[in-house]
$ cat upload_19.cif   # mmCIF, C-alpha atoms
data_coords
#
loop_
_atom_site.label_atom_id
_atom_site.label_comp_id
_atom_site.auth_asym_id
_atom_site.auth_seq_id
_atom_site.Cartn_x
_atom_site.Cartn_y
_atom_site.Cartn_z
CA MET K 1377 -5.36 14.15 3.26
CA ASN K 1378 -8.37 14.18 5.56
CA LYS K 1379 -8.35 11.92 8.59
CA PHE K 1380 -9.71 8.48 7.83
CA ILE K 1381 -12.20 6.93 10.26
CA PRO K 1382 -12.11 3.15 9.83
CA CYS K 1383 -15.20 0.98 10.03
CA LEU K 1384 -15.46 -1.50 12.87
CA SER K 1385 -15.13 -4.28 10.31
CA ASP K 1386 -11.71 -3.04 9.20
CA GLU K 1387 -9.68 -5.27 11.50
CA ILE K 1388 -6.41 -4.21 9.90
CA PHE K 1389 -6.75 -0.71 11.31
CA LYS K 1390 -6.71 -2.13 14.82
CA PHE K 1391 -3.30 -3.52 13.94
CA ILE K 1392 -2.02 -0.47 12.07
CA ASP K 1393 -3.04 3.21 12.33
CA PRO K 1394 -4.45 4.28 8.93
CA ASN K 1395 -3.31 7.87 9.45
CA ALA K 1396 0.26 7.05 10.47
CA ASN K 1397 3.10 6.51 7.99
CA ASP K 1398 4.86 3.29 8.95
CA MET K 1399 7.83 2.08 6.91
CA LEU K 1400 6.32 -1.27 5.97
CA SER K 1401 9.48 -2.36 4.16
CA ASN K 1402 11.25 -2.33 7.55
CA TYR K 1403 8.83 -4.75 9.21
CA CYS K 1404 10.40 -7.86 10.70
CA ASN K 1405 9.24 -11.25 9.42
CA SER K 1406 6.63 -11.82 12.12
CA ASP K 1407 5.13 -8.34 11.76
CA PHE K 1408 5.11 -8.71 7.97
CA GLU K 1409 3.29 -12.06 8.20
CA GLU K 1410 0.68 -10.50 10.47
CA LEU K 1411 0.32 -7.54 8.13
CA ILE K 1412 -0.24 -9.89 5.18
CA TYR K 1413 -2.88 -11.78 7.13
CA TYR K 1414 -4.82 -8.58 7.72
CA ILE K 1415 -4.33 -7.33 4.16
CA GLU K 1416 -5.80 -10.54 2.74
CA ASN K 1417 -8.89 -9.99 4.88
CA THR K 1418 -9.31 -6.31 4.02
CA TYR K 1419 -11.95 -4.95 1.63
CA LEU K 1420 -11.49 -1.61 -0.10
CA ARG K 1421 -14.23 0.96 0.34
CA PHE K 1422 -15.35 3.84 -1.84
CA ARG K 1423 -14.19 7.26 -0.64
CA GLN K 1424 -15.90 10.60 -1.14
CA HIS K 1425 -12.58 12.06 -2.23
CA LEU K 1426 -8.91 11.13 -2.07
CA GLY K 1427 -7.50 14.38 -0.68
CA PHE K 1428 -5.57 15.66 -3.70
CA ASP K 1429 -5.31 19.26 -4.90
CA LYS K 1430 -8.67 20.28 -6.38
CA ASP K 1431 -6.84 21.87 -9.32
CA TYR K 1432 -5.56 18.49 -10.48
CA THR K 1433 -7.53 17.25 -13.48
CA PHE K 1434 -7.96 13.69 -14.70
CA GLY K 1435 -10.17 11.62 -16.97
CA PHE K 1436 -11.19 7.99 -17.49
CA GLU K 1437 -11.77 5.84 -20.58
CA ILE K 1438 -13.97 2.88 -19.64
CA GLU K 1439 -13.87 0.15 -22.28
CA PHE K 1440 -16.47 -2.62 -22.49
CA GLU K 1441 -17.36 -5.57 -24.74
CA LYS K 1442 -20.28 -7.86 -25.65
CA TYR K 1443 -22.98 -5.35 -24.89
CA LEU K 1444 -26.61 -6.43 -24.57
CA ASN K 1445 -28.17 -3.06 -25.29
CA LEU K 1446 -25.79 -0.44 -26.67
CA ARG K 1447 -28.57 2.10 -27.23
CA GLU K 1448 -29.48 2.01 -23.55
CA ILE K 1449 -25.86 2.58 -22.56
CA ILE K 1450 -25.53 5.54 -24.92
CA ASN K 1451 -28.87 7.10 -23.94
CA LYS K 1452 -28.27 6.88 -20.21
CA VAL K 1453 -24.59 7.86 -20.26
CA ASP K 1454 -24.96 10.62 -22.87
CA ARG K 1455 -26.01 13.28 -20.39
CA LEU K 1456 -23.06 12.37 -18.16
CA TRP K 1457 -20.09 11.27 -20.31
CA GLU K 1458 -19.38 10.48 -23.99
CA TYR K 1459 -19.66 7.21 -25.92
CA LYS K 1460 -17.01 6.37 -28.55
CA THR K 1461 -16.45 3.38 -30.81
CA ASP K 1462 -13.28 1.30 -30.55
CA CYS K 1463 -12.27 -1.10 -33.32
CA SER K 1464 -10.00 -3.10 -30.99
CA LEU K 1465 -13.02 -4.31 -28.97
CA LYS K 1466 -15.43 -7.15 -29.80
CA ASN K 1467 -18.99 -5.76 -29.88
CA GLY K 1468 -17.84 -3.02 -27.62
CA GLY K 1469 -16.96 0.61 -27.18
CA GLU K 1470 -15.75 3.05 -24.58
CA ILE K 1471 -17.21 5.71 -22.35
CA VAL K 1472 -14.99 8.76 -22.00
CA SER K 1473 -15.30 11.16 -19.09
CA PRO K 1474 -14.93 14.93 -19.24
CA LYS K 1475 -12.24 16.54 -17.10
CA LEU K 1476 -12.76 15.48 -13.52
CA ASN K 1477 -11.51 16.65 -10.14
CA ASP K 1478 -11.11 14.91 -6.82
CA VAL K 1479 -14.54 15.93 -5.54
CA ASN K 1480 -17.47 13.87 -4.31
CA SER K 1481 -19.80 14.87 -7.17
CA ASP K 1482 -17.39 13.53 -9.83
CA TRP K 1483 -16.88 10.27 -7.94
CA LYS K 1484 -20.65 9.83 -7.67
CA THR K 1485 -20.95 10.24 -11.42
CA LEU K 1486 -18.28 7.58 -11.94
CA LYS K 1487 -20.37 5.17 -9.87
CA GLN K 1488 -23.47 5.96 -11.95
CA VAL K 1489 -21.65 5.36 -15.23
CA CYS K 1490 -20.15 2.07 -14.07
CA GLU K 1491 -23.57 0.86 -12.94
CA ILE K 1492 -25.16 1.75 -16.31
CA ILE K 1493 -22.49 -0.14 -18.25
CA SER K 1494 -22.57 -3.10 -15.84
CA ARG K 1495 -26.26 -3.67 -16.54
CA ASN K 1496 -25.69 -3.86 -20.30
CA ALA K 1497 -22.13 -5.05 -21.04
CA ARG K 1498 -19.08 -6.65 -19.52
CA ILE K 1499 -15.30 -6.44 -19.40
CA GLY K 1500 -13.82 -8.70 -22.07
CA LYS K 1501 -10.33 -10.01 -22.71
CA ASN K 1502 -9.38 -6.92 -24.73
CA CYS K 1503 -10.65 -4.17 -22.44
CA GLY K 1504 -8.33 -1.58 -21.01
CA GLY K 1505 -8.97 1.23 -18.56
CA HIS K 1506 -7.00 4.32 -19.54
CA ILE K 1507 -6.41 7.23 -17.18
CA HIS K 1508 -5.47 10.74 -18.31
CA VAL K 1509 -3.86 13.11 -15.80
CA GLY K 1510 -3.33 16.81 -16.41
CA SER K 1511 0.35 17.45 -17.23
CA SER K 1512 0.39 20.33 -14.77
CA VAL K 1513 0.70 17.78 -11.94
CA LEU K 1514 4.38 17.37 -12.86
CA GLY K 1515 4.80 20.98 -13.92
CA GLU K 1516 7.52 22.53 -16.08
CA ASN K 1517 10.56 21.41 -14.10
CA PRO K 1518 12.32 18.91 -16.41
CA TYR K 1519 13.78 16.98 -13.49
CA ASN K 1520 10.30 16.12 -12.24
CA TRP K 1521 9.78 14.33 -15.56
CA LEU K 1522 13.15 12.61 -15.37
CA ASN K 1523 12.36 11.47 -11.83
CA PHE K 1524 9.08 10.08 -13.10
CA ILE K 1525 10.60 7.96 -15.87
CA ILE K 1526 13.42 6.57 -13.72
CA LEU K 1527 10.98 5.75 -10.90
CA TRP K 1528 8.71 3.97 -13.38
CA SER K 1529 11.61 1.98 -14.82
CA ALA K 1530 12.63 0.84 -11.32
CA TYR K 1531 9.20 -0.52 -10.38
CA GLU K 1532 7.40 -1.29 -13.65
CA ASN K 1533 7.09 -4.98 -12.68
CA VAL K 1534 5.13 -3.94 -9.56
CA ILE K 1535 3.12 -1.29 -11.39
CA TYR K 1536 1.76 -3.67 -14.02
CA ARG K 1537 0.51 -6.28 -11.55
CA PHE K 1538 -1.22 -3.55 -9.55
CA CYS K 1539 -2.74 -2.24 -12.79
CA TYR K 1540 -4.38 -5.60 -13.49
CA GLY K 1541 -6.99 -4.54 -10.91
CA GLU K 1542 -9.34 -7.38 -9.98
CA TYR K 1543 -7.73 -9.63 -12.58
CA ILE K 1544 -4.74 -11.83 -11.85
CA ASN K 1545 -2.82 -10.98 -15.00
CA ALA K 1546 -2.74 -8.71 -18.04
CA ARG K 1547 -5.47 -8.37 -20.63
CA ARG K 1548 -4.86 -9.84 -24.07
CA ASN K 1549 -2.78 -7.63 -26.40
CA ILE K 1550 -1.54 -5.41 -23.58
CA GLN K 1551 1.93 -5.35 -25.13
CA LYS K 1552 0.39 -4.13 -28.39
CA TYR K 1553 -1.63 -1.29 -26.88
CA ALA K 1554 0.31 -0.54 -23.66
CA MET K 1555 3.91 -1.48 -24.35
CA PRO K 1556 6.23 -1.80 -21.30
CA MET K 1557 8.67 1.10 -21.07
CA THR K 1558 11.45 0.09 -18.65
CA SER K 1559 14.26 -0.25 -21.21
CA ASP K 1560 13.26 2.86 -23.18
CA PHE K 1561 12.90 4.96 -20.06
CA ARG K 1562 16.32 3.95 -18.76
CA PHE K 1563 17.90 4.72 -22.12
CA CYS K 1564 16.18 8.13 -22.33
CA TYR K 1565 17.16 8.96 -18.77
CA SER K 1566 20.84 8.20 -19.33
CA LEU K 1567 20.93 10.32 -22.49
CA LEU K 1568 18.99 13.26 -21.09
CA MET K 1569 21.01 13.48 -17.88
CA GLN K 1570 24.07 14.23 -20.03
CA LYS K 1571 22.48 17.22 -21.78
CA ASP K 1572 22.91 20.86 -20.84
CA ASN K 1573 20.10 23.42 -20.65
CA LEU K 1574 17.54 20.69 -20.27
CA ASN K 1575 13.86 21.62 -20.62
CA LEU K 1576 10.56 19.79 -21.02
CA LYS K 1577 10.44 20.29 -24.79
CA LYS K 1578 13.75 18.46 -25.18
CA ILE K 1579 12.57 15.63 -22.93
CA LEU K 1580 9.37 15.13 -24.92
CA VAL K 1581 11.37 14.67 -28.12
CA TYR K 1582 12.69 11.46 -26.57
CA LEU K 1583 9.48 10.35 -24.86
CA ASN K 1584 6.97 11.01 -27.68
CA THR K 1585 7.94 7.96 -29.72
CA GLN K 1586 4.48 6.38 -30.03
CA ARG K 1587 1.00 6.38 -28.51
CA ASN K 1588 0.60 2.70 -27.60
CA GLN K 1589 3.01 2.77 -24.67
CA ALA K 1590 2.25 2.09 -21.02
CA VAL K 1591 2.61 5.87 -20.62
CA ASN K 1592 1.65 8.06 -23.58
CA PHE K 1593 3.10 11.59 -23.70
CA LYS K 1594 1.73 12.67 -27.08
CA ASN K 1595 -0.95 14.90 -25.52
CA VAL K 1596 1.55 16.89 -23.42
CA LYS K 1597 1.85 20.54 -24.51
CA SER K 1598 5.26 21.65 -23.27
CA ASN K 1599 4.62 25.34 -24.01
CA ASP K 1600 1.26 25.45 -22.23
CA ILE K 1601 1.69 23.01 -19.36
CA TYR K 1602 -0.73 24.71 -16.93
CA ASN K 1603 -3.56 25.23 -19.40
CA ASN K 1604 -6.34 22.89 -18.26
CA LYS K 1605 -8.74 24.25 -20.88
CA ILE K 1606 -7.09 22.13 -23.58
CA LYS K 1607 -6.27 18.43 -23.73
CA ASN K 1608 -2.88 18.45 -22.06
CA THR K 1609 -2.46 15.09 -20.40
CA ILE K 1610 -0.21 12.18 -19.58
CA GLU K 1611 -2.11 9.02 -20.51
CA PHE K 1612 -1.65 5.78 -18.54
CA ARG K 1613 -2.68 2.84 -20.72
CA CYS K 1614 -1.55 -0.25 -18.79
CA PHE K 1615 -4.63 -0.63 -16.57
CA ASN K 1616 -6.95 -3.56 -17.22
CA GLY K 1617 -10.56 -2.63 -17.85
CA THR K 1618 -12.92 -2.60 -14.89
CA LEU K 1619 -16.49 -1.58 -14.07
CA GLU K 1620 -15.71 -1.34 -10.37
CA PRO K 1621 -15.56 2.34 -9.30
CA ILE K 1622 -13.49 1.52 -6.20
CA ILE K 1623 -10.75 0.14 -8.43
CA TRP K 1624 -10.88 3.20 -10.70
CA GLN K 1625 -10.47 5.31 -7.60
CA ASN K 1626 -7.62 3.18 -6.27
CA ASN K 1627 -5.88 3.31 -9.67
CA LEU K 1628 -6.03 7.09 -9.75
CA ASN K 1629 -4.86 7.34 -6.15
CA PHE K 1630 -1.77 5.36 -7.12
CA ILE K 1631 -1.02 7.41 -10.25
CA LEU K 1632 -1.40 10.80 -8.57
CA SER K 1633 0.70 9.70 -5.58
CA PHE K 1634 3.35 8.40 -7.97
CA LEU K 1635 3.44 11.70 -9.87
CA GLU K 1636 3.53 13.77 -6.68
CA TYR K 1637 6.49 11.77 -5.43
CA ALA K 1638 8.37 12.38 -8.70
CA LYS K 1639 8.42 16.11 -7.89
CA SER K 1640 9.11 15.67 -4.18
CA PRO K 1641 12.28 17.25 -2.74
CA ASN K 1642 12.70 13.95 -0.86
CA PHE K 1643 12.97 11.88 -4.05
CA ASN K 1644 15.35 9.04 -3.11
CA HIS K 1645 17.70 8.44 -6.06
CA GLU K 1646 19.86 6.06 -4.04
CA ILE K 1647 17.09 3.53 -3.34
CA ILE K 1648 15.77 3.78 -6.88
CA ASN K 1649 19.17 3.23 -8.50
CA GLN K 1650 19.80 0.25 -6.24
CA ARG K 1651 16.48 -1.22 -7.29
CA ILE K 1652 17.31 -0.81 -10.97
CA LYS K 1653 20.65 -2.58 -10.50
CA SER K 1654 18.93 -5.41 -8.63
CA ASN K 1655 16.29 -5.83 -11.36
CA LEU K 1656 18.97 -6.00 -14.04
CA LYS K 1657 20.84 -8.64 -12.07
CA GLU K 1658 17.68 -10.71 -11.62
CA LYS K 1659 16.75 -10.22 -15.30
CA ILE K 1660 13.23 -9.03 -14.53
CA ASN K 1661 11.18 -8.41 -17.67
CA PHE K 1662 7.58 -8.47 -18.84
CA SER K 1663 7.42 -12.28 -18.87
CA ASN K 1664 7.39 -12.31 -15.08
CA TYR K 1665 5.46 -9.10 -14.34
CA ASP K 1666 2.50 -11.18 -13.15
CA GLU K 1667 4.63 -12.69 -10.39
CA ILE K 1668 4.71 -11.22 -6.88
CA PHE K 1669 7.63 -9.04 -5.80
CA SER K 1670 6.86 -8.33 -2.14
CA GLU K 1671 10.06 -6.47 -1.31
CA GLU K 1672 9.72 -4.16 -4.30
CA ALA K 1673 6.01 -3.53 -3.65
CA LEU K 1674 6.63 -2.55 -0.02
CA GLU K 1675 9.53 -0.36 -1.03
CA LEU K 1676 7.49 1.46 -3.68
CA CYS K 1677 4.50 2.11 -1.42
CA ASP K 1678 6.82 3.45 1.31
CA LEU K 1679 8.29 5.86 -1.24
CA ILE K 1680 5.14 7.27 -2.81
CA PHE K 1681 2.48 7.14 -0.06
CA ASN K 1682 2.49 9.19 3.13
CA ASN K 1683 -0.14 7.25 5.09
CA ASN K 1684 -0.91 3.63 5.93
CA LEU K 1685 -4.41 3.69 4.45
CA ASP K 1686 -3.11 4.30 0.93
CA LYS K 1687 -0.37 1.73 1.43
CA ILE K 1688 -2.85 -0.96 2.49
CA TYR K 1689 -5.19 -0.16 -0.41
CA PHE K 1690 -2.28 -0.37 -2.85
CA LEU K 1691 -0.94 -3.64 -1.42
CA ARG K 1692 -4.39 -5.28 -1.33
CA GLN K 1693 -4.83 -4.70 -5.05
CA TYR K 1694 -1.23 -5.67 -5.77
CA PHE K 1695 -1.07 -8.95 -3.85
CA LYS K 1696 -4.53 -10.18 -5.00
CA SER K 1697 -4.54 -12.97 -2.39
CA PHE K 1698 -1.13 -14.03 -3.77
CA GLU K 1699 -2.66 -15.71 -6.81
CA ILE K 1700 -0.80 -16.30 -10.07
CA ASN K 1701 -2.57 -17.52 -13.21
CA ARG K 1702 -1.53 -16.98 -16.82
CA LYS K 1703 -4.99 -17.34 -18.36
CA TYR K 1704 -6.81 -14.19 -19.49
CA ASN K 1705 -9.73 -12.69 -17.58
CA ILE K 1706 -9.31 -14.71 -14.40
CA LYS K 1707 -10.59 -12.66 -11.50
CA THR K 1708 -9.03 -12.77 -8.08
CA GLU K 1709 -11.12 -13.14 -4.94
CA ASN K 1710 -13.24 -10.04 -4.42
CA PHE K 1711 -11.49 -7.33 -2.41
CA VAL K 1712 -13.96 -4.43 -2.65
CA ARG K 1713 -17.11 -3.63 -0.73
CA LYS K 1714 -20.08 -4.18 -3.03
CA LYS K 1715 -22.14 -1.67 -1.08
CA HIS K 1716 -20.24 1.56 -1.66
CA ARG K 1717 -20.27 3.56 1.53
#
$ encode --input "upload_19.cif" --output "C-alpha cells"
Amino acid sequence: MNKFIPCLSDEIFKFIDPNANDMLSNYCNSDFEELIYYIENTYLRFRQHLGFDKDYTFGFEIEFEKYLNLREIINKVDRLWEYKTDCSLKNGGEIVSPKLNDVNSDWKTLKQVCEIISRNARIGKNCGGHIHVGSSVLGENPYNWLNFIILWSAYENVIYRFCYGEYINARRNIQKYAMPMTSDFRFCYSLLMQKDNLNLKKILVYLNTQRNQAVNFKNVKSNDIYNNKIKNTIEFRCFNGTLEPIIWQNNLNFILSFLEYAKSPNFNHEIINQRIKSNLKEKINFSNYDEIFSEEALELCDLIFNNNLDKIYFLRQYFKSFEINRKYNIKTENFVRKKHR
C-alpha cells in the first residue's frame, strides 16, 4: 500500500503512525481509552485508490428507494453503469456497476453515480449494498476457502455491525435477504476438514445452498476461477445500503483485506478457534450483533490489516460513536468528510 500522508486535521495520526502496524488489541487500558477518544473524532476521507492488486475485480449494487425522478437517474447513470428493477424495494431500484478495479478512474465514477442517485432518491429501510468480488482473489487452493469460512464464523458479530455503515443497526429484512452464516459455516468446516482429496468443487457443494445468504457463492465457477471475463464472483450481501462513496470504499477495503488474510501463510488458527469457543460460551447470535464487541473488533482488525490507517478506518465505522439503537434507519453521527479530497 502506498504511504499515507495525513491531513493536519487528522489528530489521531499524531497519536498513532498511519503507516505502522501496531497491535491495537495489546494496548493497555489508558492507551486504549486515548485511542478511542481519537477514533471518535476522526473523519474518513476518500482515497484515490486502496493499494490492492490491479488484477482484482469487484462490483457494486447500489439500491435506492422513494425516487423523485427515476428517468433522470436512468438517463444520467446509463452511460456509466446499469439500472435494474428490484421488487423488494418500495418505489426503488438498483444501479449495478460493471467490473471495477482499484484505480482512481473507477472510484471517481462511483462518486458520480452516488451523487446522481442522491439528488433523486434516498436509502430506505429495505436497501442493501451488495459487493461482488472476483473469485480469483481466493484462488483455487481449497484451504483458502476453508480459512475464509472459519474466519467469518469467528467474527460475524463484528462484521455485521461494521456492514451497517452509517446506520446503527441492520436494515429491515436483512435476515431474509442476507442470512447470517456462522452456524452453517462452522458445520461445513467441520465436515470438509474430515474429507480427503479436498478441492474447491467439493467445497462449493456445501456452500452453494442458497443465494440469500450473507455470503453468496452461487456465482463461483470452480473450473474457471481465474477467468475475469465471465461473472465469477463471491457476493457479499450483508451491507446496508448507502449513497456515501467513502463508505463503499471502506466496505470494499474490509472485504478485500479479509479475503487476502484468508490465504495468508500467517493465518492464525489458534486465535480464531479460541474466539469461536468464546463466542459459543457467551451464546453470541444475531440478536446481539448490533451490540459492541471491542475486544473482538480489535482482534479482527489486527489479524486482517497490515497498517494503522486501515485499522482506524475499520474501527471508526464499527464503533459508530458507541451508539446502540434497535430502530431501523437511524443514522449515527457523521464520520466521513463531505468534501471528498
$ closest_residue --input "upload_19.cif" --among "K:Val1489, K:Leu1465, K:Met1557, K:Leu1580" --to "Trp1624 of chain K" --atoms "only C-alpha atoms"
K:Val1489
$ resolve_selection --input "upload_19.cif" --expression "the PyMOL selection byres ((chain K and resi 1396) around 10)" --output "list in words"
Ile1392, Asp1393, Pro1394, Asn1395, Asn1397, Asp1398, Met1399, Asn1682, Asn1683, Asn1684 and Leu1685 of chain K
$ closest_residue --input "upload_19.cif" --among "K:Thr1418, K:Ser1464, K:Thr1558, K:Ser1511" --to "Thr1609 of chain K" --atoms "all atoms listed in the file"
K:Ser1511
$ atom_distance --input "upload_19.cif" --atom1 "atom CA of Ile1648 of chain K" --atom2 "atom CA of Leu1527 of chain K"
6.6 Å
$ residues_near_point --input "upload_19.cif" --point "(-21.3, -3.5, -14.7)" --cutoff "12 Å" --atoms "only C-alpha atoms" --output "ChimeraX atom specification"
/K:1438-1444,1449,1486-1500,1617-1621,1714
$ closest_residue --input "upload_19.cif" --among "K:Phe1681, K:Phe1391, K:Phe1434, K:Tyr1582" --to "Ile1412 of chain K" --atoms "all atoms listed in the file"
K:Phe1391
$ resolve_selection --input "upload_19.cif" --expression "the PyMOL selection byres ((chain K and resi 1467-1480) around 8)" --output "PyMOL selection string"
chain K and resi 1424-1443+1453+1456-1463+1465-1466+1481-1484
$ residues_around --input "upload_19.cif" --residues "Glu1636 of chain K" --least-positions-apart "5" --cutoff "9 Å" --atoms "all atoms listed in the file" --output "VMD selection string"
chain K and resid 1513 to 1514 1631 1680
$ resolve_selection --input "upload_19.cif" --expression "the PyMOL selection byres ((chain K and resi 1677) around 9)" --output "list of chain:residue names"
K:Met1399, K:Leu1400, K:Ser1401, K:Glu1672, K:Ala1673, K:Leu1674, K:Glu1675, K:Leu1676, K:Asp1678, K:Leu1679, K:Ile1680, K:Phe1681, K:Asn1682, K:Asp1686, K:Lys1687, K:Ile1688, K:Phe1690, K:Leu1691
$ closest_residue --input "upload_19.cif" --among "K:Cys1614, K:Leu1411, K:Ile1647, K:Ile1525" --to "Asn1502 of chain K" --atoms "all atoms listed in the file"
K:Cys1614
$ decode --input "upload_19.cif" --residues "segment 1406-1424 of chain K" --atoms "N, CA, C and O atoms" --output "short mmCIF file (atom, residue, chain, number, x, y, z; two decimals), in the first residue's frame"
data_model
loop_
_atom_site.label_atom_id
_atom_site.label_comp_id
_atom_site.auth_asym_id
_atom_site.auth_seq_id
_atom_site.Cartn_x
_atom_site.Cartn_y
_atom_site.Cartn_z
N SER K 1406 -5.25 2.58 29.44
CA SER K 1406 -5.11 4.02 29.23
C SER K 1406 -4.85 4.35 27.77
O SER K 1406 -5.41 5.31 27.22
N ASP K 1407 -4.01 3.55 27.11
CA ASP K 1407 -3.75 3.78 25.68
C ASP K 1407 -4.99 3.51 24.85
O ASP K 1407 -5.28 4.22 23.88
N PHE K 1408 -5.76 2.48 25.24
CA PHE K 1408 -6.99 2.16 24.52
C PHE K 1408 -8.00 3.30 24.66
O PHE K 1408 -8.65 3.69 23.68
N GLU K 1409 -8.14 3.84 25.85
CA GLU K 1409 -9.07 4.96 26.06
C GLU K 1409 -8.67 6.17 25.23
O GLU K 1409 -9.53 6.87 24.67
N GLU K 1410 -7.38 6.42 25.13
CA GLU K 1410 -6.91 7.55 24.32
C GLU K 1410 -7.16 7.27 22.84
O GLU K 1410 -7.59 8.17 22.10
N LEU K 1411 -6.92 6.04 22.43
CA LEU K 1411 -7.18 5.66 21.04
C LEU K 1411 -8.65 5.87 20.70
O LEU K 1411 -8.99 6.43 19.65
N ILE K 1412 -9.55 5.45 21.59
CA ILE K 1412 -10.99 5.60 21.35
C ILE K 1412 -11.36 7.07 21.25
O ILE K 1412 -12.19 7.47 20.41
N TYR K 1413 -10.77 7.89 22.08
CA TYR K 1413 -11.05 9.33 22.02
C TYR K 1413 -10.71 9.86 20.63
O TYR K 1413 -11.51 10.59 20.02
N TYR K 1414 -9.56 9.50 20.11
CA TYR K 1414 -9.16 9.99 18.80
C TYR K 1414 -10.02 9.39 17.69
O TYR K 1414 -10.38 10.07 16.72
N ILE K 1415 -10.36 8.11 17.81
CA ILE K 1415 -11.20 7.47 16.79
C ILE K 1415 -12.54 8.18 16.69
O ILE K 1415 -13.04 8.44 15.58
N GLU K 1416 -13.14 8.52 17.81
CA GLU K 1416 -14.44 9.17 17.81
C GLU K 1416 -14.40 10.57 17.20
O GLU K 1416 -15.44 11.12 16.84
N ASN K 1417 -13.21 11.12 17.08
CA ASN K 1417 -13.07 12.45 16.49
C ASN K 1417 -12.35 12.41 15.14
O ASN K 1417 -11.80 13.41 14.69
N THR K 1418 -12.40 11.24 14.52
CA THR K 1418 -11.76 11.04 13.22
C THR K 1418 -12.82 10.97 12.12
O THR K 1418 -13.86 10.35 12.30
N TYR K 1419 -12.56 11.60 11.00
CA TYR K 1419 -13.44 11.55 9.83
C TYR K 1419 -12.72 10.82 8.70
O TYR K 1419 -11.56 11.09 8.42
N LEU K 1420 -13.43 9.91 8.06
CA LEU K 1420 -12.85 9.15 6.96
C LEU K 1420 -12.82 9.99 5.70
O LEU K 1420 -13.76 10.74 5.42
N ARG K 1421 -11.76 9.85 4.94
CA ARG K 1421 -11.61 10.62 3.70
C ARG K 1421 -11.54 9.68 2.50
O ARG K 1421 -11.11 8.55 2.61
N PHE K 1422 -11.97 10.20 1.38
CA PHE K 1422 -11.95 9.44 0.13
C PHE K 1422 -10.52 9.29 -0.34
O PHE K 1422 -9.72 10.23 -0.29
N ARG K 1423 -10.19 8.09 -0.83
CA ARG K 1423 -8.83 7.81 -1.30
C ARG K 1423 -8.83 7.55 -2.81
O ARG K 1423 -9.80 7.02 -3.35
N GLN K 1424 -7.78 7.93 -3.46
CA GLN K 1424 -7.69 7.73 -4.91
C GLN K 1424 -7.65 6.26 -5.26
O GLN K 1424 -8.15 5.84 -6.30
#
